[in-house]
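J.: Dropping a structure here in structure tokens format, bear with me for questions.
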Amino acid sequence: MTDLTSLTIAEAREGLAKKEFTATELTTSYITAIDGANELNAYVTKTPEKALEMAKASDERIAKGEARPLEGIPLGIKDLYCTKGVGAYACSHILDGFTPEYESTVTQNLWDDGAVMLGKLAMDEFAMGSTTETSYFGPVKNPWRAEGESIDRVPGGSSGGSAAAVAARICAGATASDTGGSIRQPAAFTGTVGIKPTYGRCSRWGMIAFASSLDQAGPIARTVRDAAIMMKSMASVDAKDTTSVDLPVPDYEAALTGDIKGMKVGIPKEYRVDGMPEEVEANWQQGIDWLKAAGAEIVDISLPMTKYALPAYYIVAPAEASSNLARYDGVKYGLRVNGNDIIDMYEKTRAAGFGSEVKRRILIGTYVLSAGYYDAYYLRAQKIRSLIKQDFEKAFQSVDTILTPATPSAAFELNKEITDPVEMYLNDIFTVTVNMAGLPGISVPSGKNGQGLPMGLQLIGKAFDEETLFRTAGVLEDAAGILEAPTKWW
Amino acid sequence: MSIDKDTVKRVARLARLSVTEEEAESLKGELNSILNWVELLNEVDVDGVNPMTSVVTQKMKKRDDVVTDGNYADRVVSNAPASEDNYFMVPKVIE
């Protein structure tokens, strides 16, 4: 029998329906694969017993002919989602021992559709990072290595555990979240597909908050079809999140027609940044050629505010984070370090519980929101957001989607010494504009670089037009060919 | 604009984060690096531009003002580092 972990979600769904194997067998294969992949450090919590229990229930439903859309499909869940009775730490020491009493809307939607939970996946602490090295539980290793090398590389971040687990075939698909590129950048680094839907498409209820006006849930999967299947289940209108938008969730799989004839694809000139590696430029051109060959019309466009998106993001996101993270005080949940009085307890708890990147962002956020600075920083940044959004609105008058590189490089080496925080922030240069404008963006594998490492292209869409993204990404995937699994070294 | 070590300590106090002298010194450099970089935004003319408040124009959703949830204080405090009789326990606040 073929290794069941090699099947995509669509293939596993078919195999289960045809009773070629059971959900229990499928889940068992993943549990075995997970236990053999400890070296990657992708899982922070494994839930094999829960998974087998859920798989058994799925088998019973399949036997009764009552299979739901994700019946028996084993998924990994980013540690940022609250899962009832299963720890959720956002990979921070400050949430030590936190066991949610409730389930996030997105994960509940997945379980209601029959999915099986394999465990919780590593991330940068509170989703702040681009490498998953800021996780309290240690860095995650990218299953991809350069050809002929045995050097560990980062899986990207913040959803690095999700991306690594999907690439390494230790879950069929994973939930992730994206505040500035945290789904799309790790997807590009690991040869997987990741979509950040439009802000408001998924409920944020039960997701541990980082920057509330930017955070959005989305899946990481092996193929565009798998991402479409997961997206359909994750998205919903939710009364518990006032920013969830009242729009019906389309059947994204139905959008995968492969037909993009006459579609207008914008190429923004501002994304040709200085010092962009030749291979990134060439890959982008390859993407343009593929879409052209499929009948799309290529249109040069301009998004003049692009260069301001990243600095504006580094005001808005830390400001909102400093407010959201004020709740971690050693009283309600998680870590407590005792002090001489209550203020001393707060200060010691937070000093011990937060890692250095989180502290840096809390301080920046507190500073820009402090008396006398609000207008100069936060208000100005929010005005610039309006201008970024207007840029896109103008561009979308003449194009249907926009094609850009997903990241300025392929996956880099683990423990790369970066002392200047700004240098690290540049990882998100192509993805962050999308969050600032609230638009949907998808990262899709587009071949490998000279070292044999995966590369990714990003498609940006109109608000709530994820269907065009899936359709166009499907065409890119067909042209590039679905990547084989990385060679197992772990 | 650049911030000094005392400002770092003041902001840390506002954020309820204790920092050592050494940490304050290194944070000073990191925060200044970020603040210098965001100075770039001053180039943009934002006169007459409204700040972005939402991605799509949508009326704020309001629910009916009725109790739909609750009555499980034990679950609310179940993750507290210290609790007694369904109350959160903190060090003495009032003398």
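If you're wondering about the labels, chains in the structure tokens are A, B, ... by order shown, residues count from 1 in each chain, ligands from 1 in order shown.
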Might you pull out every residue within 9 Å of Val154 (chain A), with only C-alpha atoms counted and same-chain residues fewer than 4 positions away left off, and present them as a count of residues only?
T.: 17
J.: I need the residues of region 99-143 of chain A that end up classed as alpha helix (DSSP H) by DSSP on the backbone, written out as a list in words.
T.: Thr105, Val106, Thr107, Gln108, Asn109, Leu110, Trp111 and Asp112 of chain A
J.: Go ahead and write the residues just picked, N, CA and C atoms, as an mmCIF file, in the first residue's frame.
T.:
```cif
data_model
loop_
_atom_site.group_PDB
_atom_site.id
_atom_site.type_symbol
_atom_site.label_atom_id
_atom_site.label_comp_id
_atom_site.auth_asym_id
_atom_site.auth_seq_id
_atom_site.Cartn_x
_atom_site.Cartn_y
_atom_site.Cartn_z
ATOM 1 N N THR A 105 -13.329 29.732 16.732
ATOM 2 C CA THR A 105 -14.346 29.499 15.692
ATOM 3 C C THR A 105 -13.753 28.739 14.506
ATOM 4 N N VAL A 106 -12.548 29.142 14.076
ATOM 5 C CA VAL A 106 -11.944 28.496 12.908
ATOM 6 C C VAL A 106 -11.708 27.000 13.152
ATOM 7 N N THR A 107 -11.162 26.641 14.319
ATOM 8 C CA THR A 107 -10.925 25.215 14.558
ATOM 9 C C THR A 107 -12.250 24.477 14.754
ATOM 10 N N GLN A 108 -13.210 25.126 15.408
ATOM 11 C CA GLN A 108 -14.521 24.486 15.569
ATOM 12 C C GLN A 108 -15.139 24.184 14.203
ATOM 13 N N ASN A 109 -14.987 25.137 13.267
ATOM 14 C CA ASN A 109 -15.504 24.917 11.908
ATOM 15 C C ASN A 109 -14.863 23.673 11.284
ATOM 16 N N LEU A 110 -13.553 23.495 11.508
ATOM 17 C CA LEU A 110 -12.847 22.334 10.942
ATOM 18 C C LEU A 110 -13.361 21.035 11.561
ATOM 19 N N TRP A 111 -13.523 21.047 12.893
ATOM 20 C CA TRP A 111 -14.013 19.812 13.548
ATOM 21 C C TRP A 111 -15.459 19.523 13.129
ATOM 22 N N ASP A 112 -16.251 20.584 12.980
ATOM 23 C CA ASP A 112 -17.644 20.389 12.551
ATOM 24 C C ASP A 112 -17.706 19.791 11.139
#
```
J.: Find the spatial neighbours of region 392-408 of chain A, counting only C-alpha atoms, within a cut-off of 6 Å - ignore same-chain residues fewer than 5 positions away - and output them as a PyMOL selection string.
T.: chain A and resi 264-267+284+456-461
J.: Near Ser233 (chain A), within 7 Å and counting only C-alpha atoms, which residues show up once chain neighbours fewer than 2 positions away are dropped, as a PyMOL selection string?
T.: chain A and resi 109-110+113+229-231+235
J.: If you count only C-alpha atoms, which residues fall within 9 Å of Pro81 (chain B), apart from same-chain ones fewer than 2 positions away, as a ChimeraX atom specification?
T.: /A:330-336 /B:77-79,83,88-89
J.: The selected residues should be written to file as a compact mmCIF listing (two decimals), in the first residue's frame (atoms: N, CA and C atoms).
T.:
```txt
# COMPACT_ATOMS: atom_id res chain seq x y z
N GLY A 330 -0.05 37.91 34.78
CA GLY A 330 0.22 36.97 35.87
C GLY A 330 -0.97 36.76 36.79
N VAL A 331 -2.14 37.23 36.41
CA VAL A 331 -3.32 37.11 37.27
C VAL A 331 -4.31 36.10 36.71
N LYS A 332 -4.63 36.23 35.43
CA LYS A 332 -5.76 35.47 34.88
C LYS A 332 -5.36 34.09 34.34
N TYR A 333 -4.16 34.04 33.76
CA TYR A 333 -3.69 32.75 33.20
C TYR A 333 -2.20 32.81 32.99
N GLY A 334 -1.63 31.66 32.80
CA GLY A 334 -0.22 31.59 32.44
C GLY A 334 0.74 31.80 33.60
N LEU A 335 1.91 32.33 33.24
CA LEU A 335 3.01 32.47 34.19
C LEU A 335 2.75 33.57 35.22
N ARG A 336 3.21 33.33 36.46
CA ARG A 336 3.27 34.41 37.44
C ARG A 336 4.62 34.34 38.14
N VAL B 77 -11.83 31.02 36.05
CA VAL B 77 -10.60 31.10 36.86
C VAL B 77 -9.74 29.84 36.75
N SER B 78 -10.16 28.90 35.91
CA SER B 78 -9.47 27.60 35.90
C SER B 78 -8.00 27.70 35.51
N ASN B 79 -7.61 28.74 34.79
CA ASN B 79 -6.22 28.89 34.38
C ASN B 79 -5.43 29.86 35.26
N SER B 83 -6.08 31.20 42.71
CA SER B 83 -7.49 31.59 42.85
C SER B 83 -8.05 30.92 44.09
N PHE B 88 -9.87 35.63 41.52
CA PHE B 88 -8.45 35.70 41.21
C PHE B 88 -7.71 36.24 42.44
N MET B 89 -6.60 35.64 42.79
CA MET B 89 -5.83 36.10 43.95
C MET B 89 -4.65 36.95 43.48
```
J.: Sorted by chain and rising residue number, list the residues of chain B at most 7 Å from chain A (counting only C-alpha atoms), each with its closest atom pair and distance in Å to one decimal, as a Markdown table.
T.:
```
| residue | atom | partner | partner_atom | distance |
| --- | --- | --- | --- | --- |
| B:Val11 | CA | A:Tyr367 | CA | 6.1 |
| B:Ala12 | CA | A:Leu363 | CA | 6.3 |
| B:Ala15 | CA | A:Thr366 | CA | 6.4 |
| B:Arg16 | CA | A:Glu347 | CA | 4.7 |
| B:Leu17 | CA | A:Glu347 | CA | 4.5 |
| B:Ser18 | CA | A:Glu347 | CA | 4.9 |
| B:Glu30 | CA | A:Pro421 | CA | 6.9 |
| B:Leu31 | CA | A:Ile364 | CA | 6.6 |
| B:Ile34 | CA | A:Val422 | CA | 6.4 |
| B:Trp37 | CA | A:Pro311 | CA | 6.9 |
| B:Val38 | CA | A:Pro311 | CA | 4.9 |
| B:Leu41 | CA | A:Tyr308 | CA | 6.3 |
| B:Val46 | CA | A:Lys383 | CA | 6.5 |
| B:Val49 | CA | A:Lys383 | CA | 5.9 |
| B:Asn50 | CA | A:Lys383 | CA | 5.7 |
| B:Pro51 | CA | A:Lys383 | CA | 3.9 |
| B:Met52 | CA | A:Ser386 | CA | 5.0 |
| B:Val55 | CA | A:Gly438 | CA | 5.4 |
| B:Met60 | CA | A:Thr242 | CA | 6.8 |
| B:Lys61 | CA | A:Thr242 | CA | 5.6 |
| B:Arg75 | CA | A:Glu101 | CA | 6.6 |
| B:Val77 | CA | A:Lys332 | CA | 6.8 |
| B:Asn79 | CA | A:Tyr333 | CA | 4.8 |
| B:Ala80 | CA | A:Tyr333 | CA | 4.5 |
| B:Pro81 | CA | A:Tyr333 | CA | 6.1 |
| B:Phe88 | CA | A:Val331 | CA | 6.6 |
| B:Val90 | CA | A:Val331 | CA | 6.8 |
| B:Pro91 | CA | A:Ile342 | CA | 5.5 |
| B:Val93 | CA | A:Ile342 | CA | 6.6 |
```
J.: Give me a file of those residues, with N, CA and C atoms, as an mmCIF file, in the first residue's frame.
T.:
```cif
data_model
loop_
_atom_site.group_PDB
_atom_site.id
_atom_site.type_symbol
_atom_site.label_atom_id
_atom_site.label_comp_id
_atom_site.auth_asym_id
_atom_site.auth_seq_id
_atom_site.Cartn_x
_atom_site.Cartn_y
_atom_site.Cartn_z
ATOM 1 N N VAL B 11 9.299 54.157 29.319
ATOM 2 C CA VAL B 11 8.342 53.425 28.479
ATOM 3 C C VAL B 11 8.177 51.991 29.012
ATOM 4 N N ALA B 12 9.279 51.397 29.449
ATOM 5 C CA ALA B 12 9.207 50.040 30.012
ATOM 6 C C ALA B 12 8.312 50.027 31.250
ATOM 7 N N ALA B 15 4.820 50.074 30.187
ATOM 8 C CA ALA B 15 4.436 48.771 29.630
ATOM 9 C C ALA B 15 4.503 47.676 30.688
ATOM 10 N N ARG B 16 4.824 48.056 31.923
ATOM 11 C CA ARG B 16 4.946 47.078 33.014
ATOM 12 C C ARG B 16 5.910 45.941 32.674
ATOM 13 N N LEU B 17 7.082 46.355 32.210
ATOM 14 C CA LEU B 17 8.140 45.390 31.897
ATOM 15 C C LEU B 17 9.358 45.821 32.694
ATOM 16 N N SER B 18 9.868 44.975 33.559
ATOM 17 C CA SER B 18 11.098 45.386 34.235
ATOM 18 C C SER B 18 12.278 45.132 33.305
ATOM 19 N N GLU B 30 18.255 49.408 19.597
ATOM 20 C CA GLU B 30 17.291 48.733 18.713
ATOM 21 C C GLU B 30 16.083 49.625 18.434
ATOM 22 N N LEU B 31 15.572 50.270 19.485
ATOM 23 C CA LEU B 31 14.386 51.105 19.294
ATOM 24 C C LEU B 31 14.721 52.314 18.421
ATOM 25 N N ILE B 34 14.721 51.354 14.794
ATOM 26 C CA ILE B 34 13.367 51.243 14.237
ATOM 27 C C ILE B 34 12.751 52.638 14.055
ATOM 28 N N TRP B 37 14.115 54.491 11.124
ATOM 29 C CA TRP B 37 13.621 53.919 9.878
ATOM 30 C C TRP B 37 12.209 54.404 9.560
ATOM 31 N N VAL B 38 11.338 54.468 10.573
ATOM 32 C CA VAL B 38 9.954 54.878 10.302
ATOM 33 C C VAL B 38 9.837 56.381 10.025
ATOM 34 N N LEU B 41 8.260 57.867 6.867
ATOM 35 C CA LEU B 41 6.840 58.172 6.684
ATOM 36 C C LEU B 41 6.563 59.667 6.666
ATOM 37 N N VAL B 46 -0.001 63.668 4.197
ATOM 38 C CA VAL B 46 -1.237 63.011 4.639
ATOM 39 C C VAL B 46 -2.347 64.025 4.942
ATOM 40 N N VAL B 49 -6.188 63.302 4.493
ATOM 41 C CA VAL B 49 -6.409 61.857 4.349
ATOM 42 C C VAL B 49 -7.047 61.337 5.633
ATOM 43 N N ASN B 50 -8.085 60.542 5.483
ATOM 44 C CA ASN B 50 -8.705 59.952 6.674
ATOM 45 C C ASN B 50 -7.945 58.703 7.093
ATOM 46 N N PRO B 51 -7.765 58.507 8.402
ATOM 47 C CA PRO B 51 -7.112 57.276 8.837
ATOM 48 C C PRO B 51 -7.982 56.066 8.495
ATOM 49 N N MET B 52 -7.328 54.961 8.182
ATOM 50 C CA MET B 52 -8.087 53.757 7.855
ATOM 51 C C MET B 52 -8.676 53.189 9.142
ATOM 52 N N VAL B 55 -11.424 47.710 6.762
ATOM 53 C CA VAL B 55 -11.046 47.271 5.434
ATOM 54 C C VAL B 55 -12.200 47.421 4.457
ATOM 55 N N MET B 60 -21.156 48.643 12.018
ATOM 56 C CA MET B 60 -20.760 47.893 13.206
ATOM 57 C C MET B 60 -21.892 46.957 13.613
ATOM 58 N N LYS B 61 -21.543 45.686 13.721
ATOM 59 C CA LYS B 61 -22.583 44.718 14.093
ATOM 60 C C LYS B 61 -22.899 44.849 15.579
ATOM 61 N N ARG B 75 -14.822 27.946 35.530
ATOM 62 C CA ARG B 75 -14.079 27.798 34.270
ATOM 63 C C ARG B 75 -13.291 29.068 33.949
ATOM 64 N N VAL B 77 -11.827 31.021 36.054
ATOM 65 C CA VAL B 77 -10.603 31.097 36.863
ATOM 66 C C VAL B 77 -9.743 29.836 36.751
ATOM 67 N N ASN B 79 -7.612 28.736 34.789
ATOM 68 C CA ASN B 79 -6.216 28.888 34.384
ATOM 69 C C ASN B 79 -5.434 29.862 35.260
ATOM 70 N N ALA B 80 -6.065 30.395 36.294
ATOM 71 C CA ALA B 80 -5.390 31.408 37.114
ATOM 72 C C ALA B 80 -4.240 30.787 37.906
ATOM 73 N N PRO B 81 -3.100 31.494 37.960
ATOM 74 C CA PRO B 81 -1.987 30.990 38.771
ATOM 75 C C PRO B 81 -2.377 30.861 40.246
ATOM 76 N N PHE B 88 -9.870 35.631 41.524
ATOM 77 C CA PHE B 88 -8.446 35.701 41.209
ATOM 78 C C PHE B 88 -7.713 36.237 42.442
ATOM 79 N N VAL B 90 -4.500 38.131 44.081
ATOM 80 C CA VAL B 90 -3.368 39.001 43.765
ATOM 81 C C VAL B 90 -2.722 39.471 45.065
ATOM 82 N N PRO B 91 -1.490 39.961 45.000
ATOM 83 C CA PRO B 91 -0.888 40.523 46.212
ATOM 84 C C PRO B 91 -1.723 41.696 46.731
ATOM 85 N N VAL B 93 -3.303 45.028 47.516
ATOM 86 C CA VAL B 93 -3.238 46.261 46.724
ATOM 87 C C VAL B 93 -3.498 47.479 47.604
#
```
J.: Quick one: distance from CA of Ala23 (chain A) to CA of Lys50 (chain A) in Å, one decimal?
T.: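 Computing it gives 13.1 Å between the two atoms.
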J.: Return as a PyMOL selection string the full set of residues in region 90-159 of chain A whose backbone-based DSSP assignment is strand (DSSP E or B).
T.: chain A and resi 116-121+153
J.: Report as a list in words all protein, DNA and RNA residues lying within 9 Å of Glu25 (chain B), evaluated on only C-alpha atoms, omitting residues in the same chain fewer than 5 positions from it.
T.: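 Residues meeting the cut-off are Asp4, Lys5, Val8 and Thr20 of chain B.
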J.: Suppose you want the space between CA of Thr257 (chain A) and CA of Ala296 (chain A); what is it in Å?
T.: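 Answer for the CA of Thr257 (chain A) to CA of Ala296 (chain A) separation: 14.1 Å.
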J.: Can you pull out the residues contacting region 68-75 of chain A? Cut-off 7 Å, using only C-alpha atoms, and skip same-chain residues under 4 positions away; I want them as number ranges by chain.
T.: A: 9, 23, 27, 55, 58, 113-118, 171-174
J.: Pull N, CA and C atoms from the residues just selected and write them as an mmCIF file, in the first residue's frame.
T.:
```cif
data_model
loop_
_atom_site.group_PDB
_atom_site.id
_atom_site.type_symbol
_atom_site.label_atom_id
_atom_site.label_comp_id
_atom_site.auth_asym_id
_atom_site.auth_seq_id
_atom_site.Cartn_x
_atom_site.Cartn_y
_atom_site.Cartn_z
ATOM 1 N N ILE A 9 -4.959 16.249 0.494
ATOM 2 C CA ILE A 9 -6.285 16.198 1.131
ATOM 3 C C ILE A 9 -7.323 15.686 0.124
ATOM 4 N N ALA A 23 -10.090 6.182 8.128
ATOM 5 C CA ALA A 23 -9.573 7.404 8.749
ATOM 6 C C ALA A 23 -8.584 7.034 9.851
ATOM 7 N N THR A 27 -4.840 8.374 9.980
ATOM 8 C CA THR A 27 -4.365 9.093 11.162
ATOM 9 C C THR A 27 -3.158 8.380 11.777
ATOM 10 N N ALA A 55 -10.698 10.182 14.615
ATOM 11 C CA ALA A 55 -10.657 9.352 13.399
ATOM 12 C C ALA A 55 -11.694 8.229 13.498
ATOM 13 N N SER A 58 -14.932 9.572 12.739
ATOM 14 C CA SER A 58 -15.038 9.792 11.292
ATOM 15 C C SER A 58 -15.345 8.486 10.570
ATOM 16 N N ASP A 113 -16.631 20.017 10.357
ATOM 17 C CA ASP A 113 -16.582 19.443 9.010
ATOM 18 C C ASP A 113 -15.861 18.093 8.991
ATOM 19 N N GLY A 114 -15.534 17.580 10.181
ATOM 20 C CA GLY A 114 -15.020 16.219 10.259
ATOM 21 C C GLY A 114 -13.511 16.062 10.353
ATOM 22 N N ALA A 115 -12.759 17.169 10.407
ATOM 23 C CA ALA A 115 -11.294 17.063 10.441
ATOM 24 C C ALA A 115 -10.804 16.464 11.766
ATOM 25 N N VAL A 116 -9.592 15.941 11.735
ATOM 26 C CA VAL A 116 -8.963 15.263 12.872
ATOM 27 C C VAL A 116 -7.770 16.105 13.332
ATOM 28 N N MET A 117 -7.649 16.346 14.638
ATOM 29 C CA MET A 117 -6.534 17.158 15.132
ATOM 30 C C MET A 117 -5.336 16.310 15.550
ATOM 31 N N LEU A 118 -4.193 16.562 14.910
ATOM 32 C CA LEU A 118 -2.962 15.835 15.234
ATOM 33 C C LEU A 118 -2.175 16.502 16.357
ATOM 34 N N CYS A 171 1.428 16.323 8.481
ATOM 35 C CA CYS A 171 -0.003 16.625 8.593
ATOM 36 C C CYS A 171 -0.480 16.799 7.159
ATOM 37 N N ALA A 172 -1.777 16.618 6.941
ATOM 38 C CA ALA A 172 -2.292 16.736 5.570
ATOM 39 C C ALA A 172 -2.441 18.195 5.172
ATOM 40 N N GLY A 173 -2.663 19.034 6.173
ATOM 41 C CA GLY A 173 -2.795 20.469 5.968
ATOM 42 C C GLY A 173 -2.733 21.101 7.342
ATOM 43 N N ALA A 174 -2.589 22.426 7.393
ATOM 44 C CA ALA A 174 -2.458 23.070 8.698
ATOM 45 C C ALA A 174 -3.152 24.419 8.699
#
```
J.: Using only C-alpha atoms for the distances, tell me which of A:Gly452, A:Gly129, A:Gly15, A:Pro219 is nearest to Gly76 (chain A).
T.: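 When distances to Gly76 (chain A) are compared using only C-alpha atoms, the smallest one comes from A:Pro219.
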J.: Would you compute the distance between CA of Lys84 (chain A) and CA of Arg13 (chain A)? Give it in Å to one decimal.
T.: 26.0 Å
